[in-house]
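The structure file protein14.cif is reproduced below (mmCIF, C-alpha atoms).
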data_input
loop_
_atom_site.label_atom_id
_atom_site.label_comp_id
_atom_site.auth_asym_id
_atom_site.auth_seq_id
_atom_site.Cartn_x
_atom_site.Cartn_y
_atom_site.Cartn_z
CA MET Q 1 58.27 246.39 79.89
CA LYS Q 2 58.87 248.96 77.18
CA PHE Q 3 62.04 250.89 76.43
CA VAL Q 4 62.31 254.60 75.61
CA ASP Q 5 65.41 255.88 73.85
CA LEU Q 6 66.64 259.11 75.47
CA SER Q 7 69.75 259.63 73.33
CA HIS Q 8 70.50 261.79 70.33
CA THR Q 9 71.98 259.97 67.34
CA PHE Q 10 75.78 260.01 67.38
CA GLU Q 11 76.84 260.86 63.83
CA ASP Q 12 79.39 262.58 61.64
CA GLY Q 13 79.12 266.38 61.87
CA MET Q 14 76.77 266.30 64.87
CA PRO Q 15 76.40 269.35 67.16
CA GLY Q 16 79.14 269.65 69.76
CA PHE Q 17 80.39 272.16 72.25
CA ARG Q 18 81.90 275.55 71.44
CA GLN Q 19 84.93 277.27 72.93
CA LYS Q 20 85.59 280.99 72.85
CA ASN Q 21 88.99 282.05 71.51
CA ASP Q 22 91.10 284.96 72.74
CA ASP Q 23 90.13 287.02 69.68
CA GLY Q 24 86.42 286.66 70.41
CA THR Q 25 85.75 284.03 67.76
CA HIS Q 26 84.58 280.51 68.58
CA THR Q 27 85.89 277.07 67.77
CA GLU Q 28 83.18 274.51 67.04
CA TYR Q 29 83.76 270.87 67.94
CA THR Q 30 81.98 267.93 66.39
CA ALA Q 31 82.33 264.19 65.79
CA GLU Q 32 83.99 262.66 62.76
CA VAL Q 33 82.72 259.21 61.75
CA TYR Q 34 84.21 257.50 58.69
CA PRO Q 35 85.31 254.08 57.42
CA PHE Q 36 88.71 252.81 58.55
CA PHE Q 37 88.25 250.46 55.65
CA THR Q 38 85.13 249.74 53.58
CA HIS Q 39 83.48 246.51 52.44
CA GLU Q 40 85.00 246.97 49.00
CA GLU Q 41 88.46 247.71 50.40
CA SER Q 42 88.38 244.59 52.58
CA ARG Q 43 86.98 242.15 50.04
CA GLU Q 44 90.34 241.13 48.64
CA MET Q 45 91.58 240.27 52.16
CA TYR Q 46 89.03 237.44 52.16
CA GLU Q 47 89.57 236.26 48.56
CA GLY Q 48 86.27 237.80 47.56
CA LYS Q 49 84.31 235.44 49.81
CA ALA Q 50 83.47 237.98 52.52
CA ALA Q 51 83.74 241.69 53.18
CA PHE Q 52 83.62 243.85 56.30
CA GLU Q 53 83.57 247.50 57.23
CA VAL Q 54 85.53 248.80 60.21
CA THR Q 55 84.52 252.28 61.37
CA GLU Q 56 86.81 254.92 62.83
CA MET Q 57 85.61 257.82 64.99
CA ARG Q 58 87.23 260.97 66.32
CA PHE Q 59 85.48 263.06 68.95
CA GLN Q 60 85.78 264.79 72.29
CA THR Q 61 84.11 262.62 74.91
CA SER Q 62 81.75 265.43 75.98
CA MET Q 63 79.71 264.92 72.84
CA GLY Q 64 76.15 263.86 72.12
CA THR Q 65 74.22 262.40 75.05
CA TYR Q 66 76.97 261.83 77.59
CA LEU Q 67 77.83 261.16 81.22
CA ASP Q 68 80.16 263.29 83.36
CA SER Q 69 82.20 261.52 86.04
CA PRO Q 70 83.55 263.36 89.11
CA TYR Q 71 86.96 263.49 87.38
CA HIS Q 72 85.49 265.85 84.80
CA ARG Q 73 85.49 268.65 87.39
CA HIS Q 74 87.76 267.37 90.17
CA PRO Q 75 91.25 265.96 89.42
CA GLU Q 76 91.05 263.65 92.43
CA GLY Q 77 87.60 262.34 91.48
CA ARG Q 78 86.69 258.97 90.03
CA ASP Q 79 86.91 258.62 86.26
CA ILE Q 80 84.51 256.81 83.93
CA SER Q 81 86.19 253.41 84.40
CA ASP Q 82 85.82 253.68 88.19
CA LEU Q 83 82.01 253.90 88.09
CA ASP Q 84 80.09 250.72 88.87
CA ILE Q 85 77.25 249.67 86.59
CA GLY Q 86 74.93 249.59 89.58
CA GLU Q 87 75.53 253.32 90.08
CA LEU Q 88 74.34 254.00 86.53
CA VAL Q 89 71.10 252.00 86.44
CA LEU Q 90 68.71 253.86 88.70
CA PRO Q 91 65.05 254.50 89.41
CA GLY Q 92 64.16 257.69 87.58
CA THR Q 93 62.05 260.80 88.10
CA VAL Q 94 61.24 263.40 85.44
CA VAL Q 95 60.81 267.02 86.54
CA ASP Q 96 58.60 269.06 84.20
CA ALA Q 97 60.69 272.19 83.64
CA ARG Q 98 59.11 273.26 80.36
CA GLY Q 99 58.07 276.82 79.67
CA LEU Q 100 61.34 278.57 80.54
CA ALA Q 101 63.18 280.81 78.10
CA GLY Q 102 66.80 280.54 77.08
CA ASN Q 103 69.21 281.67 79.84
CA GLU Q 104 66.41 281.45 82.45
CA GLU Q 105 67.01 279.52 85.67
CA LEU Q 106 64.75 276.88 87.17
CA THR Q 107 63.75 277.51 90.77
CA VAL Q 108 63.09 275.02 93.56
CA ASP Q 109 59.33 275.43 93.09
CA ALA Q 110 59.55 273.01 90.15
CA LEU Q 111 60.89 270.16 92.28
CA PRO Q 112 58.48 267.52 93.57
CA GLN Q 113 57.63 268.33 97.15
CA GLU Q 114 56.95 264.90 98.56
CA SER Q 115 58.76 262.46 96.30
CA ALA Q 116 61.55 260.31 97.74
CA LEU Q 117 64.48 261.24 95.50
CA ALA Q 118 67.31 259.53 97.40
CA GLY Q 119 69.27 257.19 95.15
CA THR Q 120 67.39 258.22 92.01
CA ALA Q 121 68.18 259.78 88.66
CA VAL Q 122 66.40 263.14 88.45
CA LEU Q 123 65.90 264.18 84.82
CA PHE Q 124 64.89 267.75 83.96
CA ASN Q 125 62.60 268.07 80.96
CA PHE Q 126 63.07 271.62 79.69
CA GLY Q 127 61.68 270.60 76.30
CA TRP Q 128 64.93 271.88 74.83
CA ASP Q 129 65.70 268.79 72.73
CA GLU Q 130 63.36 270.22 70.07
CA HIS Q 131 66.07 272.83 69.38
CA TRP Q 132 68.85 270.24 68.88
CA GLY Q 133 71.06 271.21 65.95
CA THR Q 134 69.97 274.88 65.96
CA GLU Q 135 71.61 278.01 67.29
CA GLN Q 136 68.79 278.35 69.84
CA TYR Q 137 69.97 275.13 71.50
CA ARG Q 138 73.02 277.03 72.76
CA SER Q 139 70.93 279.49 74.80
CA TYR Q 140 69.16 277.22 77.23
CA PRO Q 141 67.47 277.21 80.66
CA TYR Q 142 69.41 275.72 83.56
CA ILE Q 143 69.01 274.63 87.19
CA SER Q 144 69.56 277.28 89.85
CA GLU Q 145 72.03 276.98 92.71
CA ALA Q 146 69.09 276.53 95.09
CA VAL Q 147 67.93 273.54 93.03
CA ILE Q 148 71.46 272.12 93.10
CA GLU Q 149 71.57 272.31 96.89
CA ARG Q 150 68.08 270.80 97.22
CA LEU Q 151 69.17 267.85 95.04
CA ILE Q 152 72.24 267.32 97.21
CA ASP Q 153 70.13 267.47 100.37
CA ALA Q 154 67.75 264.93 98.83
CA ASP Q 155 70.70 262.55 98.24
CA VAL Q 156 70.00 261.99 94.54
CA SER Q 157 72.45 259.84 92.59
CA LEU Q 158 72.34 261.40 89.11
CA VAL Q 159 71.05 264.57 87.47
CA GLY Q 160 70.15 264.71 83.79
CA VAL Q 161 69.12 267.56 81.49
CA ASP Q 162 67.88 267.81 77.90
CA THR Q 163 70.08 270.87 77.33
CA LEU Q 164 73.66 271.52 76.33
CA ASN Q 165 74.79 271.98 79.93
CA ALA Q 166 73.44 271.63 83.46
CA ASP Q 167 75.17 274.94 84.27
CA ASP Q 168 74.59 278.46 83.05
CA HIS Q 169 77.32 278.87 80.43
CA GLN Q 170 77.73 282.49 81.54
CA ASN Q 171 78.73 281.46 85.08
CA PRO Q 172 82.43 280.48 85.12
CA ALA Q 173 82.08 278.89 88.58
CA ARG Q 174 79.93 276.10 87.07
CA PRO Q 175 78.08 275.36 90.34
CA ALA Q 176 76.19 272.31 89.08
CA HIS Q 177 79.34 270.51 88.00
CA THR Q 178 81.33 271.75 90.98
CA ARG Q 179 78.83 270.82 93.70
CA LEU Q 180 77.12 267.75 92.20
CA LEU Q 181 80.28 265.98 91.04
CA ASP Q 182 82.01 266.76 94.34
CA GLU Q 183 79.13 264.86 96.00
CA GLU Q 184 79.51 262.00 93.48
CA ILE Q 185 76.21 262.89 91.85
CA PHE Q 186 76.78 262.13 88.18
CA ILE Q 187 75.54 264.38 85.36
CA VAL Q 188 74.02 263.47 82.00
CA GLU Q 189 73.58 266.18 79.37
CA ASN Q 190 71.88 266.38 75.96
CA LEU Q 191 69.05 263.98 76.77
CA CYS Q 192 65.96 263.83 74.56
CA ASN Q 193 62.42 262.38 74.47
CA LEU Q 194 61.77 263.07 78.14
CA ASP Q 195 58.18 263.99 77.21
CA SER Q 196 57.62 260.25 76.77
CA LEU Q 197 58.22 259.63 80.48
CA GLY Q 198 55.81 262.06 82.10
CA GLY Q 199 54.18 260.31 85.06
CA GLU Q 200 55.75 256.93 84.24
CA SER Q 201 57.61 254.66 86.65
CA PHE Q 202 60.94 253.76 85.08
CA ARG Q 203 64.56 252.76 85.48
CA PHE Q 204 67.17 254.99 83.85
CA PHE Q 205 70.24 253.48 82.17
CA ALA Q 206 73.35 255.67 81.67
CA VAL Q 207 76.16 253.16 81.06
CA PRO Q 208 79.24 254.21 79.03
CA ILE Q 209 82.12 252.05 77.81
CA LYS Q 210 84.64 251.35 80.57
CA ALA Q 211 87.20 253.98 79.54
CA LYS Q 212 90.16 254.65 81.86
CA ASP Q 213 91.52 258.16 82.55
CA THR Q 214 88.39 259.54 80.92
CA ALA Q 215 86.34 262.40 82.34
CA ALA Q 216 83.14 261.95 80.32
CA MET Q 217 81.77 259.53 77.74
CA PRO Q 218 78.80 259.30 75.36
CA ILE Q 219 76.11 256.84 76.43
CA ARG Q 220 73.03 255.18 74.98
CA ALA Q 221 70.66 256.60 77.57
CA PHE Q 222 67.30 254.87 77.83
CA ALA Q 223 64.46 254.17 80.20
CA GLU Q 224 62.88 250.83 81.07
CA VAL Q 225 59.23 251.65 81.73
CA ASP Q 226 56.82 249.53 83.78
CA GLN Q 227 53.57 248.70 82.00
#
What is this file in structure tokens?
Amino acid sequence: MKFVDLSHTFEDGMPGFRQKNDDGTHTEYTAEVYPFFTHEESREMYEGKAAFEVTEMRFQTSMGTYLDSPYHRHPEGRDISDLDIGELVLPGTVVDARGLAGNEELTVDALPQESALAGTAVLFNFGWDEHWGTEQYRSYPYISEAVIERLIDADVSLVGVDTLNADDHQNPARPAHTRLLDEEIFIVENLCNLDSLGGESFRFFAVPIKAKDTAAMPIRAFAEVDQ
């Protein structure tokens, strides 16, 4: 077996999501990572014989490479703590969606025609992770409503993208989140390194901490690849 890391590094000042204000400006969100106390600050607690650092973090849970639970979109849906580990370790398929421009939708022609997708994680490789940390990352391709319905019909278990959002940010109805999460098809956003999985047979891991009353949570997404 080999393992392929599909997660962006979670770090202080990392790219986050953006909200538009009433005056037309935007508020940028990010993660803050800093020492709660440092090795030097803790040394005297242990009479100089040991020292430890404890780290504190502050962030919105829709940050970095993260998983959306049904509760993210639907108040009656299951939250992160309600999801079983077995639902988040799945056989995976990568769809080559490269070559699209920002704000361009992916059509059903890109989906595999004969693959059995039921119960799998379908990961869309737009090649957009190369723009991570740039302004271009915020104008991204996305899956069309026809693709969303085809995925539901195929009974997939999870949909992942290497973009900021599975939905077109200009569509306030957010059909991917609305339809997929209503069907208990989980969503992972901000994946990376999907190029490494082209044509490989793999299992996809998308396990967050077991956080109650939580709509989304960062994950260490990775693939276990057969060799």
Hey, what's within 9 Å of range 120-129 of chain Q if we count only C-alpha atoms and toss same-chain stuff fewer than 2 positions away? As an mmCIF file with C-alpha atoms, in the coordinates of the input, please?
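After the write, around-v2.cif holds the following:
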data_model
loop_
_atom_site.group_PDB
_atom_site.id
_atom_site.type_symbol
_atom_site.label_atom_id
_atom_site.label_comp_id
_atom_site.auth_asym_id
_atom_site.auth_seq_id
_atom_site.Cartn_x
_atom_site.Cartn_y
_atom_site.Cartn_z
ATOM 1 C CA HIS Q 8 70.500 261.790 70.330
ATOM 2 C CA LEU Q 88 74.340 254.000 86.530
ATOM 3 C CA VAL Q 89 71.100 252.000 86.440
ATOM 4 C CA LEU Q 90 68.710 253.860 88.700
ATOM 5 C CA PRO Q 91 65.050 254.500 89.410
ATOM 6 C CA GLY Q 92 64.160 257.690 87.580
ATOM 7 C CA THR Q 93 62.050 260.800 88.100
ATOM 8 C CA VAL Q 94 61.240 263.400 85.440
ATOM 9 C CA VAL Q 95 60.810 267.020 86.540
ATOM 10 C CA ASP Q 96 58.600 269.060 84.200
ATOM 11 C CA ALA Q 97 60.690 272.190 83.640
ATOM 12 C CA ARG Q 98 59.110 273.260 80.360
ATOM 13 C CA GLY Q 99 58.070 276.820 79.670
ATOM 14 C CA LEU Q 100 61.340 278.570 80.540
ATOM 15 C CA ALA Q 116 61.550 260.310 97.740
ATOM 16 C CA LEU Q 117 64.480 261.240 95.500
ATOM 17 C CA ALA Q 118 67.310 259.530 97.400
ATOM 18 C CA HIS Q 131 66.070 272.830 69.380
ATOM 19 C CA TRP Q 132 68.850 270.240 68.880
ATOM 20 C CA GLY Q 133 71.060 271.210 65.950
ATOM 21 C CA TYR Q 137 69.970 275.130 71.500
ATOM 22 C CA TYR Q 140 69.160 277.220 77.230
ATOM 23 C CA PRO Q 141 67.470 277.210 80.660
ATOM 24 C CA TYR Q 142 69.410 275.720 83.560
ATOM 25 C CA ILE Q 143 69.010 274.630 87.190
ATOM 26 C CA LEU Q 151 69.170 267.850 95.040
ATOM 27 C CA ASP Q 155 70.700 262.550 98.240
ATOM 28 C CA VAL Q 156 70.000 261.990 94.540
ATOM 29 C CA SER Q 157 72.450 259.840 92.590
ATOM 30 C CA LEU Q 158 72.340 261.400 89.110
ATOM 31 C CA VAL Q 159 71.050 264.570 87.470
ATOM 32 C CA GLY Q 160 70.150 264.710 83.790
ATOM 33 C CA VAL Q 161 69.120 267.560 81.490
ATOM 34 C CA ASP Q 162 67.880 267.810 77.900
ATOM 35 C CA THR Q 163 70.080 270.870 77.330
ATOM 36 C CA LEU Q 164 73.660 271.520 76.330
ATOM 37 C CA PHE Q 186 76.780 262.130 88.180
ATOM 38 C CA VAL Q 188 74.020 263.470 82.000
ATOM 39 C CA ASN Q 190 71.880 266.380 75.960
ATOM 40 C CA LEU Q 191 69.050 263.980 76.770
ATOM 41 C CA CYS Q 192 65.960 263.830 74.560
ATOM 42 C CA ASN Q 193 62.420 262.380 74.470
ATOM 43 C CA LEU Q 194 61.770 263.070 78.140
ATOM 44 C CA ASP Q 195 58.180 263.990 77.210
ATOM 45 C CA ARG Q 203 64.560 252.760 85.480
ATOM 46 C CA PHE Q 204 67.170 254.990 83.850
#
Counting all atoms listed in the file, the option among Q:Ala146, Q:Ile152, Q:Ala166, Q:Ala215 closest to Glu76 in chain Q: Q:Ala215
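When the distance limit is 12 Å and all atoms listed in the file are what count, the residues near Thr55 in chain Q, minus those fewer than 3 positions from it on the same chain, are Q:Glu11, Q:Asp12, Q:Glu32, Q:Val33, Q:Tyr34, Q:Pro35, Q:Phe36, Q:Phe37, Q:Thr38, Q:His39, Q:Phe52, Q:Arg58.
Proximity of Q:Glu87, Q:Glu183, Q:Glu145, Q:Asp82 to Asp213 in chain Q, computed with all atoms listed in the file, is greatest for Q:Asp82.
Straight-line separation from CA of Asp168 in chain Q to CA of Thr107 in chain Q: 13.3 Å.
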Distance query Phe3 in chain Q at most 9 Å, all atoms listed in the file, self and fewer than 4 positions along chain excluded, as a ChimeraX atom specification: /Q:222-225
Those same residues, written as a CSV table (one decimal), in the coordinates of the input with C-alpha atoms?
chain,number,residue,atom,x,y,z
Q,222,PHE,CA,67.3,254.9,77.8
Q,223,ALA,CA,64.5,254.2,80.2
Q,224,GLU,CA,62.9,250.8,81.1
Q,225,VAL,CA,59.2,251.6,81.7
Residues in the PyMOL selection byres ((chain Q and resi 176) around 9), expressed as a VMD selection string: chain Q and resid 143 to 145 148 166 to 168 173 to 175 177 to 181 187
Hits from the PyMOL selection byres ((chain Q and resi 19-30) around 12), listed as an NGL selection string: :Q and (10-18 or 31-33 or 57-64 or 133 or 138 or 169-170)
C-alpha atoms of the current selection, written as an mmCIF file, in the frame of the given file:
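To be explicit, this is the file written out as part-v3.cif:
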data_model
loop_
_atom_site.group_PDB
_atom_site.id
_atom_site.type_symbol
_atom_site.label_atom_id
_atom_site.label_comp_id
_atom_site.auth_asym_id
_atom_site.auth_seq_id
_atom_site.Cartn_x
_atom_site.Cartn_y
_atom_site.Cartn_z
ATOM 1 C CA PHE Q 10 75.780 260.010 67.380
ATOM 2 C CA GLU Q 11 76.840 260.860 63.830
ATOM 3 C CA ASP Q 12 79.390 262.580 61.640
ATOM 4 C CA GLY Q 13 79.120 266.380 61.870
ATOM 5 C CA MET Q 14 76.770 266.300 64.870
ATOM 6 C CA PRO Q 15 76.400 269.350 67.160
ATOM 7 C CA GLY Q 16 79.140 269.650 69.760
ATOM 8 C CA PHE Q 17 80.390 272.160 72.250
ATOM 9 C CA ARG Q 18 81.900 275.550 71.440
ATOM 10 C CA ALA Q 31 82.330 264.190 65.790
ATOM 11 C CA GLU Q 32 83.990 262.660 62.760
ATOM 12 C CA VAL Q 33 82.720 259.210 61.750
ATOM 13 C CA MET Q 57 85.610 257.820 64.990
ATOM 14 C CA ARG Q 58 87.230 260.970 66.320
ATOM 15 C CA PHE Q 59 85.480 263.060 68.950
ATOM 16 C CA GLN Q 60 85.780 264.790 72.290
ATOM 17 C CA THR Q 61 84.110 262.620 74.910
ATOM 18 C CA SER Q 62 81.750 265.430 75.980
ATOM 19 C CA MET Q 63 79.710 264.920 72.840
ATOM 20 C CA GLY Q 64 76.150 263.860 72.120
ATOM 21 C CA GLY Q 133 71.060 271.210 65.950
ATOM 22 C CA ARG Q 138 73.020 277.030 72.760
ATOM 23 C CA HIS Q 169 77.320 278.870 80.430
ATOM 24 C CA GLN Q 170 77.730 282.490 81.540
#
Point-to-point distance from CA of Ala110 in chain Q to CA of Leu197 in chain Q, Å rounded to tenths: 16.6 Å
One-decimal distance in Å that lies between CA of Ala206 in chain Q and CA of Asp226 in chain Q: 17.8 Å
Shell of 10 Å around Ser42 in chain Q, all atoms listed in the file, local chain residues under 4 positions omitted, as a PyMOL selection string: chain Q and resi 37-38+46-48+50-54
Counting all atoms listed in the file, the option among Q:Ile80, Q:Ile209, Q:Leu106, Q:Leu111 closest to Asp68 in chain Q: Q:Ile80
Top pick for closest residue to Ala101 in chain Q, considering Q:Leu6, Q:Ser139, Q:Arg150, Q:Gly77 and counting all atoms listed in the file: Q:Ser139
Neighbour list for Pro208 in chain Q as a PyMOL selection string, cut-off 9 Å, only C-alpha atoms, skip fewer than 2 positions in-chain: chain Q and resi 66-67+80-81+88+206+210-211+216-220
Pick from Q:His74, Q:Glu44, Q:Val147, Q:Gln227 nearest to Asp182 in chain Q, counting only C-alpha atoms: Q:His74
